[in-house]
Each structure stands twice: as structure tokens, then as C-alpha cells.
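> Take a look at this one; I'll ask things after.
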Amino acid sequence: MSFRTKDNLFSMKKIILFILGSTVCTLSLFFVACSDSQITFQSLESKTKNGDPVFNRIKFVFGWSKDTWVMQQSHEGLHKNFSNWDRLAIVVDKTKEPYQARFYQLSPGEFKFNALNEVIPYKVRCYACHSNGPRAIRADFNSKQLNVSLKNKIQLQLWNIRIKTYGNIQSIGGKEFSEGAPFQSKMGLLSMNLNLKSCNPCHSADGIRAPLKLEHLGTAEFLVKNGIMPPFPFQISDKDIEQIEKYLK
């Protein structure tokens, strides 16, 4: 056997080992991202009316046709009476084109969502913050009250990658009620396009994210102000910042 043949065999072995290693790593990350585990953290964005921290617990349940995101939320500090926390669910229907995300406010209870009889009126307008189904999960890793383990930090990032893969999603109310907050504002003015040119390449009817409406102005202003949006390496133009300020006035 010539040296060249031996070199070729050695190169083939390296390629095969690389492919096998990459496959194992990819499958491992997939199963970690889809595992039915739960993570408790302090929200980086949400605050109570008094400026106190809000705590969330999130569980992701993978399904071939539907993914379910269940969240418990406390506006009364970090305590272990989880069954008293607010409970919400987002069900992503992957059989639709585009995907549809239905939002549910649930009565406090077990950390799961199985039946529509648990659904209660909304406490806030979900659509004002969720223009495109589930949002990126942003935890305050500098929380003085709650430490997030390295494993959970990794899983949060994998969950965020999962959310990004949904693409352009239609946000829909899970159930209508005559009481409570509406899922989406009924004011026609707020259904107009926000039309920020820096955001339109992604947030458009044909983009990878759903269009932004005037109803999303407060959320957009917060994300821009805190440097969360647009994502790196994109930047928002001075003209769009002026437009946001103009709308707020």
C-alpha cells in the first residue's frame, strides 16, 4: 500500500469521526432543547408596577405537530407556592403555514396545560409584546435572589434557538372572553404598521418575523433602548429612533 493511499485512508477516518462526532453533538443538543424540564429565573425585562423583579418558570414540551410552552409567573417575589403563580401557555401549531401560536391565560395550578376548561380571561394584552409568537427568553443572570445553573443557561439558549427556527408566526388569541383584557387591541389605529425601515427587512409579511404594528411600539422602544434589538450586527437608524419618539409623544 502506497503512502498516498495510507494518507487518504487516514483522512477518510478523520472525516468519518468528525461526521459521527457532529451528529452525536447535534442529537445531544436537540434532546436537551426538547427535554421536558423546567427552569426558574428572574425576568430581565418584566418588572412589577413598583419596579420589583418578576420571576418566571418555563417548561417546553416538544411535539411533532405542536409545541407547547407553559409558564408560571410571580409578581409577588420568589416563593415556592408555585401553584399560586399566574399560569400561561403558548401552543405553536406547526401544521399551519405560517405557523400559528395560540395564547392562553390559565387558572393557577399544576405546571402543565391539558384542558381548555383551565382557560380564563387574559390579564393583559398578549399581542402587545408578542408580535411573532413566543419571544426570546431573557433571564437576569445577575439576580441576587436566584442563581441559574450553567446547564439551565445552556438550555435557555437552546430554547431561544428553537424559538428562532419557527420563523414568521401568526399570534392568535386562544379563546375570546367578554371580560378581562382583549388579546389584541380593538383600536384600528394600533393595527397600522409601525413601519420602521431598520426593522422591516425581518419584520414584514414576507420576512422571517411577523410585521410590527403600532400596538408593539412600547415593546419596540424598550428593546431598542436597552440594545436588545435590532440583533447584532444590525443597527437602528437615527431616523427610526426619531420616529419611535414621535409616536410616543
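Letters for chains follow the order of the C-alpha cells (A, B, ...), residue numbers begin at 1 for each chain, and ligand numbers begin at 1 in the order shown.
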Return as a ChimeraX atom specification the full set of residues in segment 113-245 of chain A whose backbone-based DSSP assignment is strand (DSSP E or B).

/A:119-120,122,139,169-173,181,193,203,209,213

> Find the residues near segment 80-92 of chain A: any atom within 8 Å, counting only C-alpha atoms, skip ones fewer than 3 places away on the same chain, and give them as a VMD selection string.

chain A and resid 66 to 74 99 to 111 113 133 to 134

> Could the residues in this selection be written to a file with N, CA and C atoms, as a CSV table (one decimal), in the first residue's frame?


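Result went into part21.csv, see below:
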chain,number,residue,atom,x,y,z
A,66,LYS,N,-47.3,20.0,17.3
A,66,LYS,CA,-47.5,21.2,18.1
A,66,LYS,C,-46.4,21.2,19.2
A,67,ASP,N,-45.9,22.4,19.4
A,67,ASP,CA,-45.0,22.6,20.6
A,67,ASP,C,-45.8,23.4,21.6
A,68,THR,N,-45.6,23.1,22.9
A,68,THR,CA,-46.3,23.8,24.0
A,68,THR,C,-45.3,24.4,24.9
A,69,TRP,N,-45.5,25.7,25.2
A,69,TRP,CA,-44.6,26.4,26.1
A,69,TRP,C,-45.6,26.8,27.3
A,70,VAL,N,-45.2,26.3,28.5
A,70,VAL,CA,-46.0,26.6,29.7
A,70,VAL,C,-45.2,27.5,30.6
A,71,MET,N,-45.8,28.6,31.1
A,71,MET,CA,-45.1,29.5,32.0
A,71,MET,C,-45.9,29.8,33.3
A,72,GLN,N,-45.2,29.8,34.4
A,72,GLN,CA,-45.8,30.3,35.6
A,72,GLN,C,-45.0,31.6,36.0
A,73,GLN,N,-45.7,32.6,36.5
A,73,GLN,CA,-45.1,33.9,36.7
A,73,GLN,C,-45.6,34.4,38.1
A,74,SER,N,-44.6,35.0,38.8
A,74,SER,CA,-44.9,35.6,40.1
A,74,SER,C,-44.5,37.1,40.1
A,99,TYR,N,-46.8,29.1,10.7
A,99,TYR,CA,-47.1,28.6,12.0
A,99,TYR,C,-48.1,29.5,12.7
A,100,GLN,N,-48.9,28.9,13.6
A,100,GLN,CA,-49.8,29.7,14.4
A,100,GLN,C,-49.5,29.5,15.9
A,101,ALA,N,-49.4,30.6,16.6
A,101,ALA,CA,-49.2,30.5,18.1
A,101,ALA,C,-50.4,31.0,18.8
A,102,ARG,N,-51.1,30.1,19.6
A,102,ARG,CA,-52.3,30.5,20.3
A,102,ARG,C,-51.9,30.7,21.8
A,103,PHE,N,-52.4,31.8,22.3
A,103,PHE,CA,-52.0,32.2,23.7
A,103,PHE,C,-53.2,31.9,24.6
A,104,TYR,N,-52.8,31.4,25.8
A,104,TYR,CA,-53.8,31.1,26.8
A,104,TYR,C,-53.4,31.6,28.2
A,105,GLN,N,-54.4,32.3,28.9
A,105,GLN,CA,-54.2,32.6,30.3
A,105,GLN,C,-54.9,31.5,31.0
A,106,LEU,N,-54.3,30.9,32.0
A,106,LEU,CA,-54.8,29.7,32.7
A,106,LEU,C,-55.0,30.0,34.2
A,107,SER,N,-55.9,29.3,34.8
A,107,SER,CA,-56.1,29.5,36.3
A,107,SER,C,-54.9,28.9,36.9
A,108,PRO,N,-54.4,29.5,38.1
A,108,PRO,CA,-53.3,28.9,38.8
A,108,PRO,C,-53.5,27.4,39.1
A,109,GLY,N,-52.4,26.7,39.0
A,109,GLY,CA,-52.5,25.2,39.2
A,109,GLY,C,-51.2,24.5,38.8
A,110,GLU,N,-51.4,23.2,38.5
A,110,GLU,CA,-50.2,22.4,38.1
A,110,GLU,C,-49.5,23.0,36.9
A,111,PHE,N,-48.2,22.6,36.9
A,111,PHE,CA,-47.3,23.2,35.8
A,111,PHE,C,-47.5,22.4,34.5
A,113,PHE,N,-50.5,22.1,30.8
A,113,PHE,CA,-51.7,22.6,30.1
A,113,PHE,C,-52.2,21.4,29.3
A,133,GLY,N,-45.4,35.2,18.0
A,133,GLY,CA,-45.4,34.0,18.8
A,133,GLY,C,-44.6,34.1,20.0
A,134,PRO,N,-43.9,33.0,20.5
A,134,PRO,CA,-43.1,33.1,21.6
A,134,PRO,C,-41.9,34.0,21.4

> Excluding same-chain residues fewer than 4 positions from segment 40-45 of chain A, what lies within 7 Å of it counting only C-alpha atoms, as a list in words?

Pro53, Val54, Phe55, Asn56, Arg57, Ile58, Arg138, Ala139, Asp140, Ser143, Leu146 and Val148 of chain A

> Which one is closest to Trp159 of chain A: A:Thr95, A:His130, A:Arg135, A:Phe232? Count only C-alpha atoms.

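Of A:Thr95, A:His130, A:Arg135, A:Phe232, the one nearest Trp159 of chain A, counting only C-alpha atoms, is A:Arg135.
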
> Of the residues A:Ser198, A:Gln155, A:Ser65, A:Ser131, which is the one nearest to Ser171 of chain A, using only C-alpha atoms?

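Ranking A:Ser198, A:Gln155, A:Ser65, A:Ser131 by distance to Ser171 of chain A, first place goes to A:Ser131.
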
> Show me, as a CSV table (one decimal) with N, CA, C and O atoms, in the first residue's frame, the residues that have an atom within 9 Å of Leu214 of chain A when counting only C-alpha atoms, minus same-chain residues fewer than 3 positions from it.


chain,number,residue,atom,x,y,z
A,128,ALA,N,-49.5,42.8,22.5
A,128,ALA,CA,-48.7,44.0,22.6
A,128,ALA,C,-47.2,43.7,22.7
A,128,ALA,O,-46.4,44.5,22.3
A,189,LEU,N,-56.4,52.2,14.9
A,189,LEU,CA,-55.2,52.9,14.8
A,189,LEU,C,-54.0,52.0,15.2
A,189,LEU,O,-52.9,52.1,14.5
A,190,LEU,N,-54.1,51.2,16.2
A,190,LEU,CA,-53.0,50.4,16.7
A,190,LEU,C,-52.7,49.2,15.8
A,190,LEU,O,-51.7,48.6,16.0
A,191,SER,N,-53.5,48.9,14.8
A,191,SER,CA,-53.3,47.8,13.9
A,191,SER,C,-52.5,48.3,12.7
A,191,SER,O,-52.2,47.5,11.8
A,192,MET,N,-52.2,49.6,12.6
A,192,MET,CA,-51.4,50.1,11.5
A,192,MET,C,-49.9,49.7,11.6
A,192,MET,O,-49.4,49.5,12.8
A,193,ASN,N,-49.2,49.5,10.5
A,193,ASN,CA,-47.9,49.1,10.5
A,193,ASN,C,-47.0,50.1,11.2
A,193,ASN,O,-47.1,51.3,11.0
A,194,LEU,N,-46.1,49.7,12.1
A,194,LEU,CA,-45.1,50.6,12.7
A,194,LEU,C,-44.2,51.2,11.7
A,194,LEU,O,-43.7,52.3,11.8
A,195,ASN,N,-43.8,50.4,10.7
A,195,ASN,CA,-43.0,50.8,9.6
A,195,ASN,C,-41.7,51.5,9.9
A,195,ASN,O,-41.4,52.6,9.6
A,217,LEU,N,-45.4,49.3,19.8
A,217,LEU,CA,-44.5,50.4,19.9
A,217,LEU,C,-43.7,50.4,21.3
A,217,LEU,O,-42.5,50.6,21.3
A,218,GLY,N,-44.5,50.2,22.4
A,218,GLY,CA,-43.8,50.2,23.7
A,218,GLY,C,-42.8,49.1,23.8
A,218,GLY,O,-41.7,49.3,24.4
A,247,TYR,N,-43.9,58.8,17.8
A,247,TYR,CA,-45.0,58.0,18.1
A,247,TYR,C,-45.4,58.1,19.6
A,247,TYR,O,-46.5,58.2,20.0

> Please report, as JSON, numbers by chain, each residue of segment 35-155 of chain A to which DSSP assigns alpha helix (DSSP H) when run on this structure's backbone.

{"A": [150, 151, 152, 153, 154, 155]}

> Export, as an mmCIF file, in the first residue's frame, the selected residues with all heavy atoms.


data_model
loop_
_atom_site.group_PDB
_atom_site.id
_atom_site.type_symbol
_atom_site.label_atom_id
_atom_site.label_comp_id
_atom_site.auth_asym_id
_atom_site.auth_seq_id
_atom_site.Cartn_x
_atom_site.Cartn_y
_atom_site.Cartn_z
ATOM 1 N N LEU A 150 -25.363 26.591 35.130
ATOM 2 C CA LEU A 150 -24.772 26.606 33.792
ATOM 3 C C LEU A 150 -25.593 25.742 32.836
ATOM 4 O O LEU A 150 -25.820 26.127 31.682
ATOM 5 C CB LEU A 150 -23.329 26.108 33.847
ATOM 6 C CG LEU A 150 -22.596 26.018 32.490
ATOM 7 C CD1 LEU A 150 -22.539 27.371 31.823
ATOM 8 C CD2 LEU A 150 -21.197 25.438 32.678
ATOM 9 N N LYS A 151 -26.054 24.597 33.317
ATOM 10 C CA LYS A 151 -26.872 23.716 32.479
ATOM 11 C C LYS A 151 -28.145 24.427 32.024
ATOM 12 O O LYS A 151 -28.526 24.362 30.850
ATOM 13 C CB LYS A 151 -27.238 22.458 33.257
ATOM 14 C CG LYS A 151 -28.176 21.530 32.483
ATOM 15 C CD LYS A 151 -28.627 20.368 33.338
ATOM 16 C CE LYS A 151 -29.670 19.518 32.593
ATOM 17 N NZ LYS A 151 -30.166 18.403 33.419
ATOM 18 N N ASN A 152 -28.791 25.140 32.951
ATOM 19 C CA ASN A 152 -30.024 25.838 32.596
ATOM 20 C C ASN A 152 -29.764 27.019 31.679
ATOM 21 O O ASN A 152 -30.591 27.350 30.833
ATOM 22 C CB ASN A 152 -30.753 26.294 33.859
ATOM 23 C CG ASN A 152 -31.449 25.151 34.576
ATOM 24 O OD1 ASN A 152 -31.595 24.064 34.036
ATOM 25 N ND2 ASN A 152 -31.863 25.378 35.810
ATOM 26 N N LYS A 153 -28.614 27.683 31.858
ATOM 27 C CA LYS A 153 -28.249 28.777 30.959
ATOM 28 C C LYS A 153 -28.114 28.254 29.529
ATOM 29 O O LYS A 153 -28.584 28.886 28.574
ATOM 30 C CB LYS A 153 -26.948 29.432 31.405
ATOM 31 C CG LYS A 153 -27.061 30.271 32.673
ATOM 32 C CD LYS A 153 -25.717 30.873 33.040
ATOM 33 C CE LYS A 153 -25.820 31.706 34.318
ATOM 34 N NZ LYS A 153 -24.515 32.275 34.718
ATOM 35 N N ILE A 154 -27.459 27.099 29.398
ATOM 36 C CA ILE A 154 -27.289 26.491 28.073
ATOM 37 C C ILE A 154 -28.645 26.108 27.493
ATOM 38 O O ILE A 154 -28.934 26.351 26.319
ATOM 39 C CB ILE A 154 -26.364 25.262 28.158
ATOM 40 C CG1 ILE A 154 -24.939 25.697 28.541
ATOM 41 C CG2 ILE A 154 -26.353 24.497 26.829
ATOM 42 C CD1 ILE A 154 -23.993 24.545 28.805
ATOM 43 N N GLN A 155 -29.496 25.531 28.343
ATOM 44 C CA GLN A 155 -30.808 25.110 27.855
ATOM 45 C C GLN A 155 -31.654 26.309 27.434
ATOM 46 O O GLN A 155 -32.386 26.241 26.439
ATOM 47 C CB GLN A 155 -31.548 24.314 28.916
ATOM 48 C CG GLN A 155 -32.881 23.775 28.429
ATOM 49 C CD GLN A 155 -33.224 22.432 29.008
ATOM 50 O OE1 GLN A 155 -32.651 22.022 30.001
ATOM 51 N NE2 GLN A 155 -34.160 21.734 28.388
#

> Using only C-alpha atoms, which residue out of A:Cys199, A:Tyr122, A:Arg209, A:Arg162 lies closest to Glu179 of chain A?

A:Tyr122

> Taking a cut-off of 10 Å and counting only C-alpha atoms, can you build a table that, for each residue of segment 58-116 of chain A near segment 48-52 of chain A, reports the nearest atom pair and how far apart they are in Å (one decimal), sorted by chain then residue number, as CSV?


residue,atom,partner,partner_atom,distance
A:Ser74,CA,A:Thr48,CA,9.4
A:His75,CA,A:Thr48,CA,6.0
A:Glu76,CA,A:Thr48,CA,8.3
A:Gly77,CA,A:Asp52,CA,7.9
